[in-house]
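Coordinates from structure.cif are shown below (mmCIF, C-alpha atoms and all ligand atoms).
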data_my_file
#
loop_
_atom_site.label_atom_id
_atom_site.label_comp_id
_atom_site.auth_asym_id
_atom_site.auth_seq_id
_atom_site.Cartn_x
_atom_site.Cartn_y
_atom_site.Cartn_z
CA MET A 1 -29.09 18.60 19.93
CA SER A 2 -29.64 20.88 22.90
CA GLN A 3 -25.99 21.41 23.79
CA GLN A 4 -22.80 20.67 21.87
CA PRO A 5 -20.57 18.09 23.55
CA LYS A 6 -16.90 19.08 23.54
CA ILE A 7 -14.91 16.39 21.76
CA THR A 8 -11.15 16.38 21.25
CA VAL A 9 -9.73 14.09 18.59
CA ILE A 10 -6.07 13.10 18.88
CA GLY A 11 -4.95 11.41 15.71
CA SER A 12 -3.94 11.38 12.09
CA LEU A 13 -4.64 13.55 9.08
CA ASN A 14 -3.99 11.98 5.68
CA MET A 15 -4.67 12.75 2.08
CA ASP A 16 -6.36 9.65 0.67
CA LEU A 17 -5.38 8.87 -2.92
CA THR A 18 -8.00 6.47 -4.22
CA VAL A 19 -7.62 4.21 -7.23
CA THR A 20 -10.70 2.30 -8.38
CA SER A 21 -10.24 -0.72 -10.63
CA ALA A 22 -12.01 -3.92 -11.66
CA LYS A 23 -9.29 -6.12 -10.13
CA ARG A 24 -6.14 -5.87 -8.06
CA PRO A 25 -2.89 -5.98 -10.07
CA ALA A 26 -0.71 -8.98 -9.26
CA ALA A 27 2.96 -8.37 -8.38
CA GLY A 28 4.73 -7.14 -11.51
CA GLU A 29 1.45 -6.63 -13.41
CA THR A 30 0.19 -3.33 -14.84
CA ILE A 31 -3.54 -2.84 -15.35
CA LEU A 32 -5.79 0.02 -16.45
CA GLY A 33 -7.92 1.32 -13.61
CA GLU A 34 -11.25 3.14 -13.81
CA ARG A 35 -10.78 6.25 -11.70
CA PHE A 36 -8.38 8.29 -9.55
CA GLU A 37 -9.64 10.67 -6.83
CA THR A 38 -8.18 12.45 -3.81
CA PHE A 39 -10.08 12.72 -0.55
CA PRO A 40 -9.04 14.28 2.75
CA GLY A 41 -8.86 11.50 5.34
CA GLY A 42 -6.86 9.95 8.14
CA LYS A 43 -8.73 8.28 10.96
CA GLY A 44 -8.27 11.28 13.27
CA ALA A 45 -9.49 13.86 10.74
CA ASN A 46 -12.34 11.57 9.69
CA GLN A 47 -13.54 11.21 13.25
CA ALA A 48 -13.23 14.97 13.76
CA VAL A 49 -15.32 15.74 10.67
CA ALA A 50 -17.91 13.08 11.54
CA ALA A 51 -18.31 14.46 15.06
CA ALA A 52 -18.56 18.06 13.80
CA ARG A 53 -21.23 17.15 11.20
CA LEU A 54 -23.22 15.47 13.96
CA GLY A 55 -23.13 18.72 15.91
CA ALA A 56 -20.23 18.36 18.37
CA ASP A 57 -17.80 21.14 19.30
CA VAL A 58 -14.63 19.50 17.97
CA THR A 59 -10.96 20.30 18.49
CA MET A 60 -8.29 18.31 16.69
CA ILE A 61 -4.78 17.64 17.97
CA GLY A 62 -2.51 16.33 15.22
CA MET A 63 0.33 17.08 12.83
CA VAL A 64 0.51 17.81 9.11
CA GLY A 65 3.47 18.51 6.85
CA GLN A 66 4.65 21.80 5.41
CA ASP A 67 3.27 20.91 2.00
CA PRO A 68 0.11 21.74 0.00
CA PHE A 69 -1.64 18.60 1.30
CA GLY A 70 -1.10 19.98 4.82
CA ASP A 71 -2.76 23.29 3.87
CA GLU A 72 -5.66 21.49 2.25
CA LEU A 73 -6.20 19.11 5.17
CA MET A 74 -6.40 22.03 7.62
CA GLN A 75 -8.66 24.01 5.31
CA VAL A 76 -11.13 21.13 4.97
CA LEU A 77 -11.35 20.75 8.75
CA ARG A 78 -11.94 24.48 9.20
CA GLN A 79 -14.73 24.40 6.63
CA GLU A 80 -16.36 21.65 8.67
CA GLY A 81 -16.15 23.79 11.80
CA VAL A 82 -13.37 21.75 13.45
CA LYS A 83 -10.93 23.85 15.51
CA THR A 84 -7.48 23.46 13.94
CA GLU A 85 -5.28 25.74 16.07
CA HIS A 86 -3.78 22.74 17.90
CA ILE A 87 -2.68 21.00 14.72
CA GLY A 88 1.08 21.40 14.31
CA ARG A 89 3.23 21.43 11.18
CA ALA A 90 6.22 19.11 10.93
CA ASP A 91 9.16 19.43 8.57
CA THR A 92 8.18 16.43 6.46
CA SER A 93 5.41 15.32 4.09
CA SER A 94 1.81 15.14 5.21
CA GLY A 95 0.41 11.67 5.79
CA VAL A 96 -0.90 9.93 2.70
CA ALA A 97 -3.05 6.82 2.27
CA VAL A 98 -3.08 5.01 -1.05
CA ILE A 99 -6.41 3.20 -1.29
CA GLN A 100 -7.23 0.59 -3.89
CA VAL A 101 -10.97 0.00 -4.26
CA VAL A 102 -12.13 -3.21 -5.96
CA ASP A 103 -15.82 -4.15 -5.77
CA GLY A 104 -16.34 -1.83 -2.80
CA ASP A 105 -13.51 -3.48 -0.80
CA ASN A 106 -10.40 -1.48 0.14
CA SER A 107 -6.70 -2.33 0.29
CA ILE A 108 -4.82 0.53 1.94
CA THR A 109 -1.15 1.57 2.20
CA VAL A 110 -0.55 4.36 4.72
CA ILE A 111 2.56 6.59 4.61
CA PRO A 112 2.44 8.21 8.07
CA GLY A 113 4.66 11.24 7.28
CA ALA A 114 3.88 14.08 9.71
CA ASN A 115 1.52 11.88 11.75
CA PHE A 116 4.58 10.05 13.11
CA LYS A 117 6.06 13.40 14.19
CA LEU A 118 3.24 13.87 16.68
CA MET A 119 5.23 13.23 19.86
CA PRO A 120 4.34 12.83 23.56
CA ASP A 121 5.73 16.28 24.45
CA TYR A 122 3.28 17.87 22.01
CA ILE A 123 0.41 16.13 23.84
CA GLU A 124 1.85 17.41 27.12
CA GLU A 125 1.70 20.97 25.72
CA LYS A 126 -1.99 20.42 24.91
CA ARG A 127 -2.97 19.20 28.38
CA ASP A 128 -5.41 22.13 28.80
CA VAL A 129 -7.27 21.23 25.63
CA ILE A 130 -7.67 17.65 26.81
CA GLN A 131 -8.75 18.78 30.26
CA ASN A 132 -11.48 20.93 28.72
CA SER A 133 -13.04 18.07 26.74
CA GLU A 134 -15.96 15.88 27.65
CA ILE A 135 -14.63 12.95 25.67
CA VAL A 136 -11.45 12.26 23.69
CA LEU A 137 -11.21 10.06 20.59
CA ILE A 138 -7.88 8.33 19.91
CA GLN A 139 -6.80 5.95 17.11
CA LEU A 140 -3.51 4.24 16.26
CA GLU A 141 -2.22 6.11 13.19
CA ILE A 142 0.15 8.09 15.44
CA PRO A 143 3.15 6.74 17.42
CA LEU A 144 2.20 4.33 20.19
CA GLU A 145 4.18 6.36 22.73
CA THR A 146 1.99 9.35 21.81
CA VAL A 147 -1.15 7.25 22.25
CA ALA A 148 0.17 6.24 25.67
CA ALA A 149 0.85 9.89 26.58
CA ALA A 150 -2.65 10.88 25.44
CA ALA A 151 -4.20 8.05 27.45
CA LYS A 152 -2.22 9.07 30.54
CA CYS A 153 -3.21 12.69 30.14
CA CYS A 154 -6.91 11.74 29.85
CA GLU A 155 -6.63 9.49 32.89
CA GLU A 156 -5.00 12.27 34.95
CA ALA A 157 -7.58 14.82 33.79
CA ASN A 158 -10.40 12.36 34.45
CA VAL A 159 -11.64 12.72 30.87
CA PRO A 160 -12.94 9.49 29.28
CA TYR A 161 -11.39 8.36 26.02
CA ILE A 162 -12.58 6.04 23.30
CA LEU A 163 -9.71 4.10 21.82
CA ASN A 164 -10.33 2.94 18.27
CA PRO A 165 -7.42 0.47 17.91
CA ALA A 166 -6.96 0.90 14.17
CA PRO A 167 -4.78 -0.04 12.42
CA ALA A 168 -4.46 -2.95 14.85
CA GLN A 169 -1.34 -3.63 16.82
CA PRO A 170 -0.75 -5.29 20.18
CA LEU A 171 -1.25 -2.73 22.95
CA PRO A 172 -0.01 -2.35 26.52
CA TYR A 173 -2.71 -3.55 28.91
CA GLU A 174 -2.83 -0.14 30.60
CA ILE A 175 -3.96 1.69 27.46
CA ILE A 176 -6.84 -0.76 27.04
CA ASN A 177 -7.72 -0.84 30.70
CA GLN A 178 -7.77 2.95 31.11
CA ALA A 179 -9.98 3.47 28.06
CA ALA A 180 -13.64 4.18 28.74
CA TYR A 181 -14.39 2.29 25.52
CA ILE A 182 -12.30 0.35 23.03
CA THR A 183 -13.80 -0.22 19.59
CA PRO A 184 -11.94 -2.69 17.35
CA ASN A 185 -13.52 -4.23 14.28
CA GLU A 186 -13.48 -8.03 14.15
CA SER A 187 -10.02 -8.42 12.63
CA GLU A 188 -8.52 -5.81 14.98
CA ALA A 189 -10.11 -7.59 17.95
CA ALA A 190 -8.48 -10.85 16.84
CA ILE A 191 -5.05 -9.14 16.86
CA LEU A 192 -5.60 -7.50 20.26
CA PHE A 193 -7.10 -10.47 22.11
CA GLU A 194 -6.35 -14.19 21.98
CA ASP A 195 -9.96 -14.98 22.76
CA THR A 196 -12.47 -12.23 21.93
CA ASP A 197 -15.34 -13.89 23.82
CA LYS A 198 -13.21 -13.94 26.94
CA ALA A 199 -12.12 -10.34 26.34
CA LEU A 200 -15.77 -9.24 26.08
CA GLN A 201 -16.31 -10.65 29.56
CA GLU A 202 -13.06 -9.21 30.89
CA PHE A 203 -13.95 -5.69 29.69
CA PRO A 204 -17.70 -5.48 30.20
CA ASP A 205 -19.36 -2.44 28.64
CA LYS A 206 -15.90 -1.23 27.57
CA LEU A 207 -15.00 -3.50 24.68
CA VAL A 208 -17.33 -2.81 21.74
CA ILE A 209 -16.53 -4.90 18.65
CA THR A 210 -17.88 -3.65 15.32
CA LYS A 211 -18.86 -6.37 12.86
CA GLY A 212 -19.66 -4.57 9.62
CA GLU A 213 -23.18 -5.34 8.39
CA GLU A 214 -23.79 -7.40 11.52
CA GLY A 215 -23.58 -4.32 13.74
CA VAL A 216 -21.77 -4.49 17.10
CA VAL A 217 -21.32 -6.76 20.10
CA TYR A 218 -20.33 -5.96 23.66
CA SER A 219 -20.71 -7.87 26.91
CA GLY A 220 -24.31 -6.70 27.32
CA GLY A 221 -25.43 -7.96 23.92
CA HIS A 222 -25.72 -7.24 20.23
CA VAL A 223 -26.89 -4.06 18.50
CA ALA A 224 -27.99 -4.66 14.90
CA ALA A 225 -26.68 -2.60 11.98
CA PHE A 226 -29.04 -0.97 9.50
CA PRO A 227 -29.22 -2.86 6.20
CA VAL A 228 -27.96 -0.68 3.34
CA SER A 229 -26.04 -1.34 0.14
CA ALA A 230 -22.45 -0.25 0.65
CA VAL A 231 -20.85 1.98 -2.00
CA ASP A 232 -17.53 2.54 -0.17
CA THR A 233 -16.91 1.45 3.42
CA THR A 234 -13.86 3.74 3.93
CA GLY A 235 -14.61 5.71 7.08
CA ALA A 236 -17.45 3.50 8.38
CA GLY A 237 -15.54 2.80 11.58
CA ASP A 238 -14.58 6.48 11.92
CA THR A 239 -18.18 7.63 11.59
CA PHE A 240 -19.21 4.94 14.06
CA ASN A 241 -16.63 6.10 16.64
CA ALA A 242 -17.47 9.79 16.33
CA ALA A 243 -21.18 9.11 16.67
CA LEU A 244 -20.59 6.80 19.62
CA GLY A 245 -18.45 9.47 21.32
CA LEU A 246 -21.04 12.16 20.75
CA MET A 247 -23.86 10.07 22.19
CA LEU A 248 -21.85 8.87 25.20
CA ALA A 249 -20.72 12.44 25.94
CA SER A 250 -24.39 13.45 25.81
CA GLY A 251 -25.19 10.81 28.47
CA SER A 252 -26.83 8.14 26.29
CA PRO A 253 -26.71 4.51 27.45
CA LEU A 254 -24.32 2.28 25.48
CA ALA A 255 -26.98 0.33 23.54
CA GLU A 256 -28.67 3.52 22.37
CA ALA A 257 -25.31 5.12 21.49
CA CYS A 258 -24.36 2.01 19.45
CA SER A 259 -27.63 2.06 17.53
CA TYR A 260 -27.22 5.74 16.65
CA ALA A 261 -23.58 5.05 15.67
CA ASN A 262 -24.67 2.11 13.46
CA ALA A 263 -27.17 4.40 11.74
CA ALA A 264 -24.57 7.14 11.18
CA ALA A 265 -22.12 4.58 9.73
CA ALA A 266 -24.81 3.04 7.51
CA LEU A 267 -25.56 6.48 6.03
CA GLN A 268 -21.86 7.18 5.51
CA ILE A 269 -21.12 4.04 3.48
CA GLY A 270 -23.63 5.12 0.83
CA SER A 271 -21.08 7.56 -0.70
CA HIS A 272 -17.54 7.41 -2.10
CA GLY A 273 -14.75 8.69 0.16
CA ALA A 274 -14.53 8.74 3.93
CA GLN A 275 -15.84 12.21 4.70
CA ALA A 276 -18.29 12.88 1.87
CA GLY A 277 -21.22 10.88 3.18
CA MET A 278 -20.85 11.66 6.86
CA PRO A 279 -24.35 12.59 8.05
CA THR A 280 -25.71 15.34 10.25
CA ASP A 281 -27.57 14.60 13.47
CA ALA A 282 -30.89 15.43 11.78
CA GLU A 283 -30.13 12.98 8.96
CA VAL A 284 -29.31 10.18 11.42
CA ILE A 285 -32.50 10.77 13.38
CA ALA A 286 -34.63 10.89 10.22
CA PHE A 287 -32.97 7.69 8.93
CA MET A 288 -33.57 5.85 12.21
CA ARG A 289 -37.20 6.96 12.26
CA GLN A 290 -37.69 5.83 8.68
CA LYS A 291 -36.09 2.43 9.40
CA GLU A 292 -38.30 2.00 12.45
CA GLU A 293 -41.41 2.59 10.35
CA ASN A 294 -40.19 0.59 7.39
CA PRO A 295 -37.38 -1.84 8.43
CA LEU A 296 -36.65 -3.10 4.88
P1 LIG A 301 -14.31 -0.79 9.94
O1 LIG A 301 -15.00 0.08 8.93
O2 LIG A 301 -13.53 -0.03 10.93
O3 LIG A 301 -13.59 -1.96 9.35
P2 LIG A 301 -16.75 -2.30 10.42
O4 LIG A 301 -16.63 -2.92 9.08
O5 LIG A 301 -17.03 -3.19 11.57
O6 LIG A 301 -15.46 -1.45 10.82
O7 LIG A 301 -17.89 -1.18 10.31
C1 LIG A 301 -18.11 -0.26 11.34
C2 LIG A 301 -19.61 -0.02 11.47
O8 LIG A 301 -20.11 0.48 10.21
C3 LIG A 301 -20.43 -1.27 11.75
O9 LIG A 301 -20.51 -1.52 13.14
C4 LIG A 301 -21.78 -0.87 11.16
O10 LIG A 301 -22.48 -0.04 12.05
C5 LIG A 301 -21.39 -0.05 9.96
N1 LIG A 301 -21.32 -0.86 8.73
C6 LIG A 301 -20.21 -1.31 8.10
N2 LIG A 301 -20.52 -2.04 6.99
C7 LIG A 301 -21.87 -2.03 6.92
C8 LIG A 301 -22.83 -2.58 6.00
N3 LIG A 301 -22.45 -3.31 4.94
N4 LIG A 301 -24.17 -2.37 6.25
C9 LIG A 301 -24.57 -1.64 7.31
N5 LIG A 301 -23.70 -1.10 8.21
C10 LIG A 301 -22.39 -1.28 8.03
#
Re-express the file's structure as structure tokens.
Ligand code: ADP
Amino acid sequence: MSQQPKITVIGSLNMDLTVTSAKRPAAGETILGERFETFPGGKGANQAVAAARLGADVTMIGMVGQDPFGDELMQVLRQEGVKTEHIGRADTSSGVAVIQVVDGDNSITVIPGANFKLMPDYIEEKRDVIQNSEIVLIQLEIPLETVAAAAKCCEEANVPYILNPAPAQPLPYEIINQAAYITPNESEAAILFEDTDKALQEFPDKLVITKGEEGVVYSGGHVAAFPVSAVDTTGAGDTFNAALGLMLASGSPLAEACSYANAAAALQIGSHGAQAGMPTDAEVIAFMRQKEENPL
């Protein structure tokens, strides 16, 4: 990449605690699982790492706790080249996600902890950082009032933001309308909009719905995913959003940006954990070239 787009991510940092088992325990049942692992995660941190691996100049705005998980989460971001000086420390536990993996499918419980201490006044303090970005990535693992403050700040600074409405919740119309792009997956889209087909027409080239192995749809059409066998889909959407942001900040048209983002996500789901398999720009380009030459 000739120049590094400046991306600011406003969102969550979590430690993911992953339990892998052959089945899900029923209420009141105890089972033996196969494996326990910890992975740094949180949609915000994931998107920050994905964007940095792809070559962006990334700054993260977020909040961790004053606990060892907080230290580790910051350390991991620094190792990835993400700027962490605008991540605050709240007097509570760091965010944690307990992830149960069965047959490659995830059930997730999120304890927001410090992520819910990220308040609108903190965003206000970071106005300069937002103003200096080419694109901002926002998700919904922080308080909605903070999302609204971030959206307002972007709007006032004339900086486009991609809203990844995950985990889904109904949103004020303004937050959707002011977004340059909004990127729900299918189930999130169904929570946000009564009629997704109508919504695609109402928000042309803004609403981009990700559909797993089917790729993405937006008003202008469909962009196919790259067929791969999924090992762990945690972080697929995060990789997709970071890659989309990077390409759009670099001036790519939406269809091209979606295809690149599909390729980045396809590469990412080949490994366990959200951040482990996140590809570099060179890996995405090589993968796309290889798929072009040999589609299956
Ligand atoms: P989320 O991970 O947020 O639930 P999706 O399941 O829609 O969202 O996945 C996001 C993107 O990841 C998809 O648009 C696609 O590019 C890619 N992806 C997800 N699952 C697969 C898969 N099985 N094969 C290829 N690509 C996939």
Selection within 8 Å of ligand LIG 301 (chain A) by all atoms listed in the file, output as a ChimeraX atom specification
/A:166,184-186,209-216,224-230,233-240,258-259,261-266,269
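What separates atom CA of A:Pro5 from atom CA of A:Cys154 is a distance of 16.3 Å.
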What separates atom CA of A:Pro120 and atom CA of A:Leu144 is a distance of 9.4 Å
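Summary of the local environment: counting all atoms listed in the file, residues at most 10 Å from A:Ser133, other than itself and those fewer than 2 positions away along its chain, are Pro5, Lys6, Ile7, Thr8, Val9, Asp57, Val58, Thr59, Asp128, Val129, Ile130, Gln131, Ile135, Val136, Cys154, Ala157, Asn158, Val159, Pro160, Tyr161 and Ala249 of chain A.
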Q. Taking (-7.7, 13.2, 3.9) in the file's coordinates, which residues come within 12 Å, counting only C-alpha atoms, written as a PyMOL selection string?
A. chain A and resi 12-18+37-49+64+69-77+94-99+110+234-235+273-276
Counting only C-alpha atoms, closest pick from A:Leu192, A:Ile176, A:Val102, A:Ala52 relative to A:Arg78 is A:Ala52
Near-stretch 200-206 of chain A list (8 Å; only C-alpha atoms; drop same-chain fewer than 3 positions) as a list in words
Asn177, Ala179, Ala180, Tyr181, Ile182, Thr196, Asp197, Tyr218, Ser219, Gly220 and Leu254 of chain A
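We find atom CA of A:Thr20 and atom CA of A:Arg35 to be spaced 5.2 Å apart.
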Counting all atoms listed in the file, the residue among A:Asp91, A:Glu85, A:Glu293, A:Glu141 that lies closest to A:Asp67 is A:Asp91
Restricting to only C-alpha atoms, whichever of A:Asp195, A:Ala149, A:Glu188, A:Lys291 is closest to A:Glu174 is A:Ala149
- Query: Out of A:His222, A:Lys198, A:Arg89, A:Arg53, which residue has the shortest atom-to-atom distance to A:Ala243 when counting all atoms listed in the file?
  - Reply: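 Using all atoms listed in the file, A:Ala243 sits closest to A:Arg53.
Nearest to A:Glu80 of all the residues A:Phe36, A:Ala242, A:Gly62, A:Leu54 is A:Leu54, counting all atoms listed in the file.
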Who sits within 9 Å of A:Ile175, all atoms listed in the file, same chain under 2 positions skipped, as an NGL selection string: :A and (147-148 or 151-152 or 163 or 171-173 or 177-179)
Once you have the residues from the selection above, write them out as a JSON list (two decimals), in the coordinates of the input, restricted to C-alpha atoms.
[["chain", "number", "residue", "atom", "x", "y", "z"],
["A", 147, "VAL", "CA", -1.15, 7.25, 22.25],
["A", 148, "ALA", "CA", 0.17, 6.24, 25.67],
["A", 151, "ALA", "CA", -4.20, 8.05, 27.45],
["A", 152, "LYS", "CA", -2.22, 9.07, 30.54],
["A", 163, "LEU", "CA", -9.71, 4.10, 21.82],
["A", 171, "LEU", "CA", -1.25, -2.73, 22.95],
["A", 172, "PRO", "CA", -0.01, -2.35, 26.52],
["A", 173, "TYR", "CA", -2.71, -3.55, 28.91],
["A", 177, "ASN", "CA", -7.72, -0.84, 30.70],
["A", 178, "GLN", "CA", -7.77, 2.95, 31.11],
["A", 179, "ALA", "CA", -9.98, 3.47, 28.06]]
